[in-house]
Every structure is written in structure tokens, then in C-alpha cells.
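As stored in coords.cif (mmCIF, C-alpha atoms):
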data_target
loop_
_atom_site.label_atom_id
_atom_site.label_comp_id
_atom_site.auth_asym_id
_atom_site.auth_seq_id
_atom_site.Cartn_x
_atom_site.Cartn_y
_atom_site.Cartn_z
CA MET A 1 27.41 -3.00 -3.87
CA LEU A 2 28.46 -2.62 -7.53
CA ILE A 3 24.86 -3.05 -8.73
CA THR A 4 23.71 -0.34 -6.31
CA LYS A 5 26.34 2.05 -7.67
CA GLN A 6 25.24 1.25 -11.22
CA ALA A 7 21.63 1.85 -10.21
CA ASP A 8 22.56 5.20 -8.65
CA TRP A 9 24.36 6.12 -11.88
CA ALA A 10 21.35 5.09 -14.00
CA ARG A 11 19.11 7.19 -11.77
CA ASN A 12 21.43 10.19 -12.10
CA ILE A 13 21.51 10.03 -15.91
CA ASN A 14 17.70 9.86 -16.02
CA GLU A 15 17.31 6.15 -16.83
CA PRO A 16 14.74 5.31 -14.15
CA LYS A 17 13.57 1.97 -15.59
CA ALA A 18 17.13 0.64 -15.62
CA ALA A 19 17.71 2.03 -12.12
CA VAL A 20 14.58 0.28 -10.79
CA GLU A 21 15.64 -3.06 -12.26
CA MET A 22 19.12 -2.74 -10.76
CA TYR A 23 17.81 -1.64 -7.34
CA ILE A 24 15.52 -4.68 -7.30
CA SER A 25 18.46 -6.95 -8.21
CA ALA A 26 20.50 -5.39 -5.41
CA GLY A 27 17.68 -5.81 -2.89
CA GLU A 28 17.21 -2.04 -2.59
CA HIS A 29 13.44 -2.28 -2.71
CA VAL A 30 12.70 1.06 -1.05
CA LYS A 31 14.60 2.95 -3.76
CA ALA A 32 12.91 0.91 -6.51
CA ILE A 33 9.48 1.58 -4.99
CA GLU A 34 10.17 5.30 -4.66
CA ILE A 35 11.17 5.66 -8.32
CA SER A 36 8.31 3.46 -9.53
CA GLY A 37 5.76 5.31 -7.44
CA ASN A 38 6.98 8.73 -8.50
CA HIS A 39 6.72 7.67 -12.15
CA GLY A 40 3.29 6.08 -11.71
CA TRP A 41 4.47 2.58 -12.67
CA VAL A 42 1.72 0.58 -10.98
CA ASP A 43 2.63 -2.69 -12.73
CA THR A 44 6.18 -2.49 -11.37
CA LEU A 45 4.85 -1.73 -7.88
CA ILE A 46 2.53 -4.74 -8.09
CA ASP A 47 5.44 -7.00 -9.05
CA ILE A 48 7.58 -5.68 -6.19
CA ALA A 49 4.80 -5.94 -3.59
CA ARG A 50 3.93 -9.49 -4.57
CA LYS A 51 7.55 -10.64 -4.44
CA LEU A 52 8.30 -9.11 -1.05
CA ASP A 53 7.94 -11.21 2.09
CA LYS A 54 5.16 -10.13 4.44
CA ALA A 55 7.78 -9.37 7.09
CA GLU A 56 9.15 -6.52 4.95
CA ARG A 57 6.66 -3.99 6.30
CA GLU A 58 8.39 -0.73 5.37
CA PRO A 59 8.62 -1.39 1.63
CA LEU A 60 5.14 -2.94 1.58
CA LEU A 61 3.66 0.08 3.34
CA MET A 62 5.39 2.29 0.76
CA CYS A 63 3.77 0.24 -2.00
CA ALA A 64 0.36 0.64 -0.35
CA TYR A 65 0.96 4.40 -0.08
CA TYR A 66 1.72 4.66 -3.80
CA PHE A 67 -1.21 2.41 -4.74
CA LYS A 68 -3.52 4.79 -2.87
CA LYS A 69 -1.85 7.86 -4.34
CA LEU A 70 -2.12 6.40 -7.86
CA ASP A 71 -5.82 5.54 -7.36
CA ASN A 72 -5.42 1.76 -7.14
CA PRO A 73 -7.10 0.96 -3.81
CA GLY A 74 -7.53 -2.72 -4.68
CA TYR A 75 -3.78 -3.26 -4.71
CA ALA A 76 -3.39 -1.18 -1.54
CA ALA A 77 -5.96 -3.49 0.10
CA GLU A 78 -4.08 -6.57 -1.11
CA THR A 79 -0.88 -5.17 0.39
CA TYR A 80 -2.48 -4.34 3.75
CA LEU A 81 -3.92 -7.86 3.90
CA LYS A 82 -0.51 -9.34 3.14
CA ILE A 83 1.04 -7.66 6.18
CA GLY A 84 -2.06 -8.11 8.36
CA ASP A 85 -2.64 -4.37 8.80
CA LEU A 86 -6.42 -4.54 9.24
CA LYS A 87 -6.67 -1.06 10.73
CA SER A 88 -5.18 0.49 7.57
CA LEU A 89 -7.35 -1.78 5.44
CA VAL A 90 -10.53 -0.57 7.12
CA GLN A 91 -9.34 3.05 6.89
CA LEU A 92 -8.74 2.53 3.14
CA HIS A 93 -12.26 1.17 2.69
CA VAL A 94 -13.70 4.12 4.61
CA GLU A 95 -11.68 6.62 2.54
CA THR A 96 -12.83 5.01 -0.72
CA GLN A 97 -16.40 4.63 0.62
CA ARG A 98 -16.45 0.86 0.16
CA TRP A 99 -18.97 0.32 2.93
CA ASP A 100 -19.58 -3.38 2.29
CA GLU A 101 -15.86 -4.08 2.72
CA VAL A 102 -15.83 -2.01 5.93
CA ARG A 103 -18.60 -4.17 7.33
CA VAL A 104 -16.81 -7.38 6.37
CA GLU A 105 -13.58 -6.21 7.96
CA HIS A 106 -15.42 -4.84 11.00
CA ALA A 107 -15.72 -8.32 12.47
CA SER A 108 -11.93 -8.69 12.30
CA CYS A 109 -11.34 -5.34 13.97
CA ALA A 110 -14.09 -5.43 16.57
CA ARG A 111 -11.56 -5.61 19.39
CA GLU A 112 -9.71 -2.52 18.11
CA PRO A 113 -10.53 0.66 20.08
CA HIS A 114 -11.27 2.70 16.93
CA MET A 115 -14.24 0.58 15.78
CA SER A 116 -17.36 -0.17 17.77
CA PRO A 117 -20.87 -1.32 16.95
CA GLY A 118 -23.49 1.31 17.61
CA PRO A 119 -27.23 1.44 18.15
CA GLN A 120 -29.44 -0.81 16.01
CA GLY A 121 -26.36 -2.52 14.56
CA ALA A 122 -24.98 0.66 12.98
CA PHE A 123 -21.27 0.79 12.30
CA TRP A 124 -19.09 3.69 13.33
CA GLY A 125 -15.98 4.88 11.52
CA LEU A 126 -12.55 5.87 12.70
CA ASP A 127 -13.54 9.47 13.45
CA GLY A 128 -16.76 8.60 15.26
CA GLU A 129 -19.00 9.13 12.25
CA GLN A 130 -21.77 6.65 11.51
CA LEU A 131 -21.14 4.72 8.32
CA PRO A 132 -23.98 4.76 5.79
CA SER A 133 -26.15 1.68 5.61
CA SER A 134 -26.24 -0.33 2.41
#

Before we go any further, please render this structure as C-alpha cells.
Amino acid sequence: MLITKQADWARNINEPKAAVEMYISAGEHVKAIEISGNHGWVDTLIDIARKLDKAEREPLLMCAYYFKKLDNPGYAAETYLKIGDLKSLVQLHVETQRWDEVRVEHASCAREPHMSPGPQGAFWGLDGEQLPSS
């Protein structure tokens, strides 16, 4: 409780690095992720995401959001894999046009209603568009 109050104070006096460290110590990961993401501190986000348990979906999804926003899709993919969110992983690969990764993940998602094999082995994306062949 005291560490959280100190972190709030550090945030209010514009000491975001100190605030992030204190929020992490206090277990307030969401606040630490928000500050880190808004400041573009990818290294800090990586450390947080790797230390979090896979059951902590909300903060991990926030990390993935900031990784995408900060143009680090590899770390977003790592985070989606950690929590087993294959649908978001495939969507990330489609958004970043990583077609080979989409095809690899397709086998894992074949039973999902949003992905289905098409004619002549073509793959179809989330919005019904045919994915380019390699």
C-alpha cells in the first residue's frame, strides 16, 4: 500500500521511471505497463511480460497491445503465444503480412470458425480474403 502511494506520488511529480519500478514492486503491473507503453519503453515492457505468469491475461494483453503500437510485432507474438491466444497471434501475422507464420499457425487454428482452407489449398484470412501465396 505504501509503495503504491509512493508510486502515485512519483507519477504525479513526473518521475515515470521511478513510478514504474515502484508499481512493479507493489504488483501493480497494469499501471507500470500503461506508463511504460505511453513512454515507448519497450525494454521495460519486455521485462514485465516475461516475468508475468501466463494466467495474468489482462496485463499480458496490454503488453501485446503496446508491442503492436510500438512496432514490435515479434514481442507481441511472444506474448500471445505465452497466453495461448492463437486467434490474436494469427491476426497479428495477417496485419503484419507475415504469411509464412499465418500458414504455420493455421494448422493450430483450423478448428476455429474464422479460418478455413479454401480451394486448391489456399488459405483465407479473418475477413474472408484469400491470403497471398508464398

Next item on the list: Determine the residue set returned by the PyMOL selection byres ((chain A and resi 19-31) around 8) for the present structure, and present it as a list in words.
Entry: Met1, Ile3, Thr4, Gln6, Ala7, Asp8, Trp9, Ala10, Arg11, Glu15, Pro16, Lys17, Ala18, Ala32, Ile33, Glu34, Ile35, Ser36, Ile48, Glu58, Pro59 and Met62 of chain A

Next item on the list: In Å, rounded to a single decimal, give me how far CA of Leu45 in chain A is from CA of Lys87 in chain A.
Entry: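 So the answer is 21.9 Å.
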
Next item on the list: Considering all atoms listed in the file, return as a list in words whatever protein or nucleic-acid residues lie within 10 Å of Ile83 in chain A, sequence-local ones (same chain, fewer than 2 positions apart) excluded.
Entry: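 The residues satisfying every condition are Asp53, Lys54, Ala55, Glu56, Arg57, Leu60, Leu61, Glu78, Thr79, Tyr80, Leu81, Asp85 and Leu86 of chain A.
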
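Computed from the coordinates, the CA of Tyr66 in chain A to CA of Gly37 in chain A distance equals 5.5 Å.
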
For Lys68 in chain A, work out the shell of residues within 10 Å, counting only C-alpha atoms and skipping chain neighbours fewer than 4 positions away, then give it as a PDB file with C-alpha atoms, in the frame of the given file.
ATOM      1  CA  MET A  62       5.390   2.290   0.760  1.00  0.00           C
ATOM      2  CA  CYS A  63       3.770   0.240  -2.000  1.00  0.00           C
ATOM      3  CA  ALA A  64       0.360   0.640  -0.350  1.00  0.00           C
ATOM      4  CA  ASN A  72      -5.420   1.760  -7.140  1.00  0.00           C
ATOM      5  CA  PRO A  73      -7.100   0.960  -3.810  1.00  0.00           C
ATOM      6  CA  GLY A  74      -7.530  -2.720  -4.680  1.00  0.00           C
ATOM      7  CA  TYR A  75      -3.780  -3.260  -4.710  1.00  0.00           C
ATOM      8  CA  ALA A  76      -3.390  -1.180  -1.540  1.00  0.00           C
ATOM      9  CA  ALA A  77      -5.960  -3.490   0.100  1.00  0.00           C
ATOM     10  CA  LEU A  92      -8.740   2.530   3.140  1.00  0.00           C
ATOM     11  CA  GLU A  95     -11.680   6.620   2.540  1.00  0.00           C
ATOM     12  CA  THR A  96     -12.830   5.010  -0.720  1.00  0.00           C
TER      13      THR A  96
END

Margin query: Please report the interatomic distance between CA of Leu70 in chain A and CA of Val42 in chain A in Å with one decimal.
Written below: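 Taking CA of Leu70 in chain A and CA of Val42 in chain A, their separation equals 7.6 Å.
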